[in-house]
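> To be precise about what I am sending: the file is called input01.pdb and holds PDB, C-alpha atoms and all ligand atoms.
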```
ATOM      1  CA  MET A   1       0.000   0.000   0.000
ATOM      2  CA  SER A   2       1.376   3.427  -0.908
ATOM      3  CA  ALA A   3       1.837   6.095   1.757
ATOM      4  CA  SER A   4      -0.765   8.279   0.036
ATOM      5  CA  SER A   5      -4.377   7.796   1.051
ATOM      6  CA  ASN A   6      -5.408   8.469  -2.543
ATOM      7  CA  ALA A   7      -6.665   5.546  -4.593
ATOM      8  CA  ILE A   8      -6.650   7.645  -7.774
ATOM      9  CA  GLU A   9      -4.625  10.721  -8.580
ATOM     10  CA  ILE A  10      -4.847  12.483 -11.930
ATOM     11  CA  ARG A  11      -2.685  15.417 -12.924
ATOM     12  CA  ASP A  12      -2.916  17.538 -16.076
ATOM     13  CA  LEU A  13      -4.765  14.926 -18.118
ATOM     14  CA  TRP A  14      -5.516  15.731 -21.764
ATOM     15  CA  MET A  15      -7.240  13.546 -24.315
ATOM     16  CA  THR A  16      -7.600  14.136 -28.039
ATOM     17  CA  PHE A  17      -9.133  11.729 -30.566
ATOM     18  CA  PRO A  18      -8.523  11.867 -34.313
ATOM     19  CA  GLY A  19     -11.580  13.435 -35.987
ATOM     20  CA  LYS A  20     -13.503  12.101 -38.999
ATOM     21  CA  LYS A  21     -11.768  14.427 -41.461
ATOM     22  CA  LYS A  22      -8.070  14.108 -42.219
ATOM     23  CA  GLY A  23      -5.973  16.133 -39.787
ATOM     24  CA  GLU A  24      -9.005  16.961 -37.630
ATOM     25  CA  GLN A  25      -8.753  16.464 -33.886
ATOM     26  CA  VAL A  26     -11.463  16.154 -31.255
ATOM     27  CA  HIS A  27     -10.358  17.644 -27.965
ATOM     28  CA  VAL A  28     -12.297  15.779 -25.314
ATOM     29  CA  LEU A  29     -10.469  16.290 -22.018
ATOM     30  CA  GLU A  30      -8.395  19.322 -21.121
ATOM     31  CA  ASP A  31      -6.272  19.678 -18.030
ATOM     32  CA  VAL A  32      -8.250  17.308 -15.808
ATOM     33  CA  ASN A  33      -7.036  17.143 -12.215
ATOM     34  CA  LEU A  34      -8.703  15.060  -9.548
ATOM     35  CA  SER A  35      -8.050  12.744  -6.665
ATOM     36  CA  VAL A  36     -10.121  10.024  -5.086
ATOM     37  CA  LYS A  37      -9.350   8.832  -1.571
ATOM     38  CA  ARG A  38      -9.206   5.168  -0.733
ATOM     39  CA  GLY A  39     -12.712   4.039   0.256
ATOM     40  CA  GLU A  40     -14.313   7.184  -1.127
ATOM     41  CA  PHE A  41     -17.475   7.177  -3.252
ATOM     42  CA  VAL A  42     -17.014   9.730  -6.022
ATOM     43  CA  CYS A  43     -19.557  10.552  -8.720
ATOM     44  CA  ILE A  44     -18.681  12.297 -11.965
ATOM     45  CA  VAL A  45     -21.467  14.273 -13.614
ATOM     46  CA  GLY A  46     -21.412  16.514 -16.655
ATOM     47  CA  PRO A  47     -23.198  17.373 -19.884
ATOM     48  CA  SER A  48     -23.884  14.626 -22.390
ATOM     49  CA  GLY A  49     -20.863  13.874 -24.544
ATOM     50  CA  CYS A  50     -18.405  15.855 -22.409
ATOM     51  CA  GLY A  51     -16.063  12.906 -21.934
ATOM     52  CA  LYS A  52     -17.129  11.166 -18.707
ATOM     53  CA  SER A  53     -16.875   7.649 -20.149
ATOM     54  CA  THR A  54     -13.636   8.549 -21.897
ATOM     55  CA  LEU A  55     -12.175   9.642 -18.562
ATOM     56  CA  LEU A  56     -13.317   6.419 -16.864
ATOM     57  CA  ASN A  57     -11.904   4.313 -19.692
ATOM     58  CA  ILE A  58      -8.546   6.059 -19.415
ATOM     59  CA  ILE A  59      -8.432   5.570 -15.642
ATOM     60  CA  GLY A  60      -9.438   1.925 -16.154
ATOM     61  CA  GLY A  61      -6.587   1.372 -18.616
ATOM     62  CA  PHE A  62      -8.741   0.769 -21.710
ATOM     63  CA  LEU A  63      -7.627   3.976 -23.431
ATOM     64  CA  GLN A  64      -4.275   5.722 -23.495
ATOM     65  CA  GLN A  65      -4.349   9.403 -22.590
ATOM     66  CA  SER A  66      -2.731  11.998 -24.875
ATOM     67  CA  SER A  67      -0.817  13.475 -21.946
ATOM     68  CA  GLY A  68      -0.862  13.753 -18.176
ATOM     69  CA  SER A  69      -0.317  11.401 -15.289
ATOM     70  CA  ILE A  70      -2.680   8.873 -13.718
ATOM     71  CA  LEU A  71      -1.726   7.029 -10.590
ATOM     72  CA  VAL A  72      -4.016   4.285  -9.323
ATOM     73  CA  GLU A  73      -3.030   2.885  -5.936
ATOM     74  CA  GLY A  74       0.224   4.807  -6.373
ATOM     75  CA  LYS A  75       1.201   3.253  -9.718
ATOM     76  CA  PRO A  76       0.883   4.536 -13.300
ATOM     77  CA  VAL A  77      -1.919   2.842 -15.248
ATOM     78  CA  THR A  78      -0.544   0.676 -18.051
ATOM     79  CA  GLY A  79      -3.688  -1.314 -18.910
ATOM     80  CA  PRO A  80      -6.726  -2.999 -17.375
ATOM     81  CA  ASP A  81      -6.097  -4.626 -14.004
ATOM     82  CA  PRO A  82      -8.134  -7.449 -12.435
ATOM     83  CA  LYS A  83      -8.088  -5.573  -9.101
ATOM     84  CA  ARG A  84     -10.260  -2.885 -10.721
ATOM     85  CA  ILE A  85     -13.642  -3.925 -11.970
ATOM     86  CA  PHE A  86     -16.030  -2.187 -14.351
ATOM     87  CA  VAL A  87     -19.837  -2.265 -14.116
ATOM     88  CA  PHE A  88     -21.571  -0.857 -17.190
ATOM     89  CA  GLN A  89     -25.150   0.052 -18.075
ATOM     90  CA  GLU A  90     -25.472  -2.689 -20.641
ATOM     91  CA  ASN A  91     -25.714  -6.123 -19.291
ATOM     92  CA  GLY A  92     -22.354  -7.734 -18.812
ATOM     93  CA  VAL A  93     -23.625 -10.963 -17.292
ATOM     94  CA  PHE A  94     -23.045 -14.188 -19.200
ATOM     95  CA  PRO A  95     -26.431 -15.401 -20.459
ATOM     96  CA  TRP A  96     -25.334 -19.038 -20.535
ATOM     97  CA  LEU A  97     -24.334 -19.113 -16.848
ATOM     98  CA  ASN A  98     -26.732 -19.131 -13.927
ATOM     99  CA  VAL A  99     -26.496 -16.539 -11.142
ATOM    100  CA  GLU A 100     -24.051 -18.418  -8.942
ATOM    101  CA  ASP A 101     -21.731 -19.220 -11.841
ATOM    102  CA  ASN A 102     -21.846 -15.612 -13.027
ATOM    103  CA  VAL A 103     -20.994 -14.329  -9.563
ATOM    104  CA  GLY A 104     -18.262 -16.936  -9.105
ATOM    105  CA  PHE A 105     -16.783 -16.435 -12.556
ATOM    106  CA  GLY A 106     -13.640 -14.651 -11.344
ATOM    107  CA  LEU A 107     -13.031 -17.187  -8.572
ATOM    108  CA  LEU A 108     -12.220 -20.296 -10.574
ATOM    109  CA  GLU A 109      -8.803 -20.710  -8.972
ATOM    110  CA  ARG A 110     -10.286 -20.792  -5.453
ATOM    111  CA  THR A 111     -11.284 -24.025  -3.743
ATOM    112  CA  GLU A 112     -14.860 -25.146  -4.291
ATOM    113  CA  GLU A 113     -15.740 -24.367  -0.678
ATOM    114  CA  GLU A 114     -14.215 -20.863  -0.688
ATOM    115  CA  ARG A 115     -15.951 -20.132  -3.936
ATOM    116  CA  ARG A 116     -19.301 -21.276  -2.598
ATOM    117  CA  THR A 117     -18.914 -19.123   0.544
ATOM    118  CA  VAL A 118     -17.958 -15.970  -1.393
ATOM    119  CA  VAL A 119     -20.692 -16.470  -3.991
ATOM    120  CA  LYS A 120     -23.346 -16.948  -1.329
ATOM    121  CA  ARG A 121     -22.172 -13.891   0.624
ATOM    122  CA  TYR A 122     -22.526 -11.593  -2.393
ATOM    123  CA  ILE A 123     -25.725 -13.115  -3.742
ATOM    124  CA  ASP A 124     -27.226 -12.461  -0.312
ATOM    125  CA  MET A 125     -25.726  -8.977  -0.122
ATOM    126  CA  VAL A 126     -27.314  -7.832  -3.380
ATOM    127  CA  GLY A 127     -30.678  -9.336  -2.424
ATOM    128  CA  LEU A 128     -30.763 -12.300  -4.825
ATOM    129  CA  THR A 129     -31.043 -15.064  -2.230
ATOM    130  CA  GLY A 130     -33.011 -17.947  -3.733
ATOM    131  CA  PHE A 131     -32.131 -17.023  -7.333
ATOM    132  CA  ASP A 132     -28.770 -18.842  -7.309
ATOM    133  CA  LYS A 133     -29.779 -21.293 -10.047
ATOM    134  CA  SER A 134     -31.712 -18.801 -12.195
ATOM    135  CA  TYR A 135     -30.444 -17.781 -15.623
ATOM    136  CA  PRO A 136     -30.202 -14.105 -16.673
ATOM    137  CA  ARG A 137     -33.161 -14.496 -19.068
ATOM    138  CA  GLU A 138     -35.330 -15.369 -16.070
ATOM    139  CA  LEU A 139     -34.379 -12.147 -14.228
ATOM    140  CA  SER A 140     -35.498  -8.523 -14.536
ATOM    141  CA  GLY A 141     -33.070  -5.811 -15.683
ATOM    142  CA  GLY A 142     -32.559  -4.688 -12.081
ATOM    143  CA  MET A 143     -31.824  -8.228 -10.951
ATOM    144  CA  ARG A 144     -29.278  -8.654 -13.754
ATOM    145  CA  GLN A 145     -27.534  -5.474 -12.601
ATOM    146  CA  ARG A 146     -27.483  -6.963  -9.093
ATOM    147  CA  VAL A 147     -25.729 -10.037 -10.512
ATOM    148  CA  GLU A 148     -23.131  -7.740 -12.092
ATOM    149  CA  ILE A 149     -22.562  -5.907  -8.845
ATOM    150  CA  ALA A 150     -22.261  -9.198  -6.949
ATOM    151  CA  ARG A 151     -19.764 -10.457  -9.516
ATOM    152  CA  ALA A 152     -17.732  -7.254  -9.248
ATOM    153  CA  LEU A 153     -17.640  -7.500  -5.432
ATOM    154  CA  ALA A 154     -16.857 -11.226  -5.415
ATOM    155  CA  ALA A 155     -13.688 -10.538  -7.414
ATOM    156  CA  SER A 156     -12.470  -8.524  -4.384
ATOM    157  CA  PRO A 157     -11.396  -5.434  -6.311
ATOM    158  CA  ASP A 158      -9.648  -2.391  -4.842
ATOM    159  CA  ILE A 159     -11.757  -0.096  -6.971
ATOM    160  CA  ILE A 160     -15.090  -0.395  -8.775
ATOM    161  CA  TYR A 161     -15.669   1.781 -11.828
ATOM    162  CA  MET A 162     -19.343   2.217 -12.654
ATOM    163  CA  ASP A 163     -20.500   3.822 -15.909
ATOM    164  CA  GLU A 164     -24.216   4.716 -15.731
ATOM    165  CA  PRO A 165     -24.918   1.306 -14.163
ATOM    166  CA  PHE A 166     -28.588   2.083 -13.504
ATOM    167  CA  GLY A 167     -29.193   4.092 -16.665
ATOM    168  CA  ALA A 168     -31.325   1.436 -18.356
ATOM    169  CA  LEU A 169     -33.561   0.746 -15.355
ATOM    170  CA  ASP A 170     -36.997   2.159 -14.611
ATOM    171  CA  PHE A 171     -37.287   4.916 -12.008
ATOM    172  CA  ILE A 172     -38.461   2.822  -9.049
ATOM    173  CA  THR A 173     -35.870   0.100  -9.645
ATOM    174  CA  ARG A 174     -33.187   2.774  -9.957
ATOM    175  CA  LEU A 175     -34.125   4.269  -6.588
ATOM    176  CA  LYS A 176     -33.993   0.856  -4.950
ATOM    177  CA  MET A 177     -30.648   0.042  -6.581
ATOM    178  CA  ARG A 178     -29.156   3.317  -5.388
ATOM    179  CA  ALA A 179     -30.251   2.677  -1.798
ATOM    180  CA  ASP A 180     -28.848  -0.849  -1.957
ATOM    181  CA  LEU A 181     -25.566   0.299  -3.487
ATOM    182  CA  VAL A 182     -25.103   2.778  -0.624
ATOM    183  CA  ARG A 183     -25.741   0.013   1.912
ATOM    184  CA  ILE A 184     -23.300  -2.329   0.139
ATOM    185  CA  TRP A 185     -20.652   0.376  -0.111
ATOM    186  CA  GLN A 186     -21.007   1.055   3.621
ATOM    187  CA  GLU A 187     -20.452  -2.640   4.320
ATOM    188  CA  GLU A 188     -17.582  -3.136   1.870
ATOM    189  CA  LYS A 189     -15.863   0.277   1.907
ATOM    190  CA  LYS A 190     -14.566  -0.084  -1.652
ATOM    191  CA  THR A 191     -13.403   2.904  -3.616
ATOM    192  CA  ILE A 192     -16.134   3.645  -6.168
ATOM    193  CA  LEU A 193     -15.876   5.977  -9.136
ATOM    194  CA  PHE A 194     -19.335   6.322 -10.612
ATOM    195  CA  VAL A 195     -20.271   8.148 -13.826
ATOM    196  CA  THR A 196     -23.819   9.412 -14.211
ATOM    197  CA  HIS A 197     -25.646  12.186 -16.022
ATOM    198  CA  ASP A 198     -28.175  12.217 -13.151
ATOM    199  CA  ILE A 199     -27.319  14.898 -10.602
ATOM    200  CA  GLU A 200     -29.899  13.677  -8.085
ATOM    201  CA  GLU A 201     -28.404  10.203  -8.237
ATOM    202  CA  ALA A 202     -24.917  11.636  -7.681
ATOM    203  CA  VAL A 203     -26.018  13.660  -4.633
ATOM    204  CA  GLN A 204     -27.777  10.646  -3.147
ATOM    205  CA  LEU A 205     -24.721   8.419  -3.541
ATOM    206  CA  ALA A 206     -21.468  10.303  -3.351
ATOM    207  CA  ASP A 207     -19.021  11.632  -0.789
ATOM    208  CA  THR A 208     -17.829  13.959  -3.530
ATOM    209  CA  VAL A 209     -19.499  14.987  -6.785
ATOM    210  CA  LEU A 210     -17.147  16.149  -9.537
ATOM    211  CA  VAL A 211     -18.879  18.314 -12.112
ATOM    212  CA  MET A 212     -17.324  18.359 -15.564
ATOM    213  CA  SER A 213     -17.648  21.217 -18.003
ATOM    214  CA  ARG A 214     -18.664  21.005 -21.645
ATOM    215  CA  ARG A 215     -16.116  19.642 -24.108
ATOM    216  CA  PRO A 216     -13.193  20.021 -23.992
ATOM    217  CA  ALA A 217     -14.012  19.024 -20.457
ATOM    218  CA  THR A 218     -12.239  19.712 -17.248
ATOM    219  CA  VAL A 219     -13.340  19.357 -13.622
ATOM    220  CA  GLN A 220     -15.271  22.574 -13.228
ATOM    221  CA  PHE A 221     -16.447  22.163  -9.691
ATOM    222  CA  SER A 222     -16.277  19.737  -6.809
ATOM    223  CA  GLU A 223     -19.021  19.403  -4.208
ATOM    224  CA  LYS A 224     -18.463  17.519  -0.939
ATOM    225  CA  ILE A 225     -21.705  15.930   0.244
ATOM    226  CA  GLU A 226     -21.506  15.635   3.988
ATOM    227  CA  ILE A 227     -25.027  14.376   4.616
ATOM    228  CA  PRO A 228     -25.424  11.178   6.658
ATOM    229  CA  ARG A 229     -26.631   8.087   4.806
ATOM    230  CA  PRO A 230     -29.172   6.845   3.962
ATOM    231  CA  ARG A 231     -29.993  10.294   2.638
ATOM    232  CA  ASP A 232     -33.377  11.883   2.931
ATOM    233  CA  LEU A 233     -34.167  13.226  -0.536
ATOM    234  CA  ASP A 234     -36.502  15.853   0.946
ATOM    235  CA  SER A 235     -33.938  17.163   3.434
ATOM    236  CA  ARG A 236     -32.684  20.716   3.160
ATOM    237  CA  GLY A 237     -29.033  19.621   2.924
ATOM    238  CA  TYR A 238     -29.764  17.288   0.017
ATOM    239  CA  LEU A 239     -31.831  19.846  -1.902
ATOM    240  CA  GLU A 240     -29.267  22.604  -1.351
ATOM    241  CA  ALA A 241     -26.387  20.437  -2.583
ATOM    242  CA  ARG A 242     -28.416  19.348  -5.603
ATOM    243  CA  ASP A 243     -29.404  22.921  -6.451
ATOM    244  CA  ARG A 244     -25.814  24.199  -6.106
ATOM    245  CA  ILE A 245     -24.726  21.637  -8.696
ATOM    246  CA  PHE A 246     -27.629  22.470 -11.014
ATOM    247  CA  ARG A 247     -26.717  26.156 -10.790
ATOM    248  CA  GLU A 248     -23.037  25.462 -11.357
ATOM    249  CA  MET A 249     -23.974  23.565 -14.512
ATOM    250  CA  GLY A 250     -26.014  26.533 -15.673
ATOM    251  CA  MET A 251     -29.379  24.817 -15.242
ATOM    252  CA  SER A 252     -32.442  26.344 -13.683
ATOM    253  CA  LEU A 253     -34.962  24.287 -11.737
ATOM    254  CA  LYS A 254     -37.795  26.705 -12.465
ATOM    255  CA  VAL A 255     -40.210  25.429 -15.112
ATOM    256  CA  GLY A 256     -40.043  27.628 -18.190
ATOM    257  CA  ALA A 257     -36.961  29.515 -16.955
TER     258      ALA A 257
HETATM  259  N1  LIG B   1     -12.697   6.358 -29.919
HETATM  260  C1  LIG B   1     -13.153   7.598 -30.169
HETATM  261  N2  LIG B   1     -12.799   8.244 -31.307
HETATM  262  C2  LIG B   1     -13.225   9.494 -31.559
HETATM  263  N3  LIG B   1     -14.018  10.216 -30.729
HETATM  264  C3  LIG B   1     -14.416   9.602 -29.602
HETATM  265  C4  LIG B   1     -14.020   8.272 -29.263
HETATM  266  N4  LIG B   1     -14.570   7.950 -28.064
HETATM  267  C5  LIG B   1     -15.292   9.034 -27.677
HETATM  268  N5  LIG B   1     -15.206  10.008 -28.606
HETATM  269  C6  LIG B   1     -15.821  11.334 -28.522
HETATM  270  O1  LIG B   1     -15.497  11.881 -27.278
HETATM  271  C7  LIG B   1     -16.580  12.640 -26.762
HETATM  272  C8  LIG B   1     -16.884  12.219 -25.350
HETATM  273  O2  LIG B   1     -17.516  10.935 -25.366
HETATM  274  P1  LIG B   1     -17.907  10.190 -24.005
HETATM  275  O3  LIG B   1     -18.667   8.978 -24.387
HETATM  276  O4  LIG B   1     -16.698  10.028 -23.177
HETATM  277  O5  LIG B   1     -18.862  11.269 -23.312
HETATM  278  P2  LIG B   1     -19.866  11.096 -22.096
HETATM  279  O6  LIG B   1     -19.754  12.333 -21.291
HETATM  280  O7  LIG B   1     -19.620   9.809 -21.401
HETATM  281  O8  LIG B   1     -21.258  11.042 -22.862
HETATM  282  P3  LIG B   1     -22.730  10.567 -22.388
HETATM  283  O9  LIG B   1     -23.085  11.387 -21.188
HETATM  284  O10 LIG B   1     -23.578  10.909 -23.558
HETATM  285  O11 LIG B   1     -22.632   9.099 -22.111
HETATM  286  C9  LIG B   1     -17.738  12.473 -27.745
HETATM  287  O12 LIG B   1     -17.793  13.606 -28.577
HETATM  288  C10 LIG B   1     -17.350  11.242 -28.509
HETATM  289  O13 LIG B   1     -17.869  11.292 -29.820
END
```
Let me see the structure of the file written as structure tokens.


Amino acid sequence: MSASSNAIEIRDLWMTFPGKKKGEQVHVLEDVNLSVKRGEFVCIVGPSGCGKSTLLNIIGGFLQQSSGSILVEGKPVTGPDPKRIFVFQENGVFPWLNVEDNVGFGLLERTEEERRTVVKRYIDMVGLTGFDKSYPRELSGGMRQRVEIARALAASPDIIYMDEPFGALDFITRLKMRADLVRIWQEEKKTILFVTHDIEEAVQLADTVLVMSRRPATVQFSEKIEIPRPRDLDSRGYLEARDRIFREMGMSLKVGA
């Protein structure tokens, strides 16, 4: 473990993609600086297309930045790492495996007994007790996302990267998943970096919300959310934090404004 308490540290990160026309360049990220403490829950919000997923993919080692430094657990990122797990919006579960085999997929080198114990722990934790033998096609979208989260946790990662993980779910399921993710995070204390376009979701979940600007995007604003969990979505503290972020992003909450 490095002496720093930061799980992720990014300095002067720039990212440019080649454009469609010859010689054209698309500047996506510009001078991004941020740090995430070990065990912290950080949400990244920003306008559509500003580069949130690009940033997550660079931190996760799937894309190479144009310039700048990224340290994860004190070391430069050179590619994907099994100690850091991604959970995406689109279903990543294997349709041909049942729930317990999906959750235990990353544990094949463990003994049968260890594997069974870990799989059961996380199936229970995400609220899928009794669905161990079910196949993804027999589950709802929310339940499939629970399988993904259980699989991510079972792999015992240092960090979980989540890219709009609840984006495809209906409103009620999304609310339930958020509440459950907070509970799970409190039990597991993993570092979570969570991308969402939903400011209310970010304020419900995060210790820190990082607001990105339009493209070329940088971290425009950082809001610490020091409201005890589970958070009351009608509380003054919650509404004030949410409204500060809306205002910072240049959005008005007044209808017709
Ligand atoms: N491989 C690539 N080549 C060229 N341009 C790319 C590539 N990947 C992303 N982009 C561009 O980078 C910009 C940022 O995309 P990205 O998906 O990171 O944004 P986002 O903030 O996650 O968007 P959304 O909120 O809509 O999911 C977009 O304009 C996109 O077209």

> Counting all atoms listed in the file, which of A:Lys52, A:Lys21, A:Lys176, A:Arg231 gets nearest to A:Val219?

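Between A:Lys52, A:Lys21, A:Lys176, A:Arg231, the residue approaching A:Val219 most closely is A:Lys52.
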
> Nearest to ligand LIG 1 (chain B): which of A:Ser222, A:Ser5, A:Gln186, A:Ser213 is it, counting only C-alpha atoms and all ligand atoms?

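Closest residue, counting only C-alpha atoms and all ligand atoms: A:Ser213.
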
> Residues within 10 Å of A:Arg183, please, as a list in words. Count all atoms listed in the file; anything in the same chain fewer than 5 positions from it doesn't count.

Met125, Val126, Met177, Arg178, Glu188, Lys189, Arg229 and Pro230 of chain A

> Expanded to explicit residues, what is the PyMOL selection byres (((chain A and resi 146) around 10) and not hetatm) for this file, as an MDAnalysis selection string?

chainID A and resid 93 99 103 122:123 125:128 140:145 147:152 177 180:181

> Once you count only C-alpha atoms and all ligand atoms, which residues end up within 10 Å of ligand LIG 1 (chain B), and could you hand them over as a ChimeraX atom specification?

/A:15-20,25-29,44-58,63,163-164,167,195-198,212-217
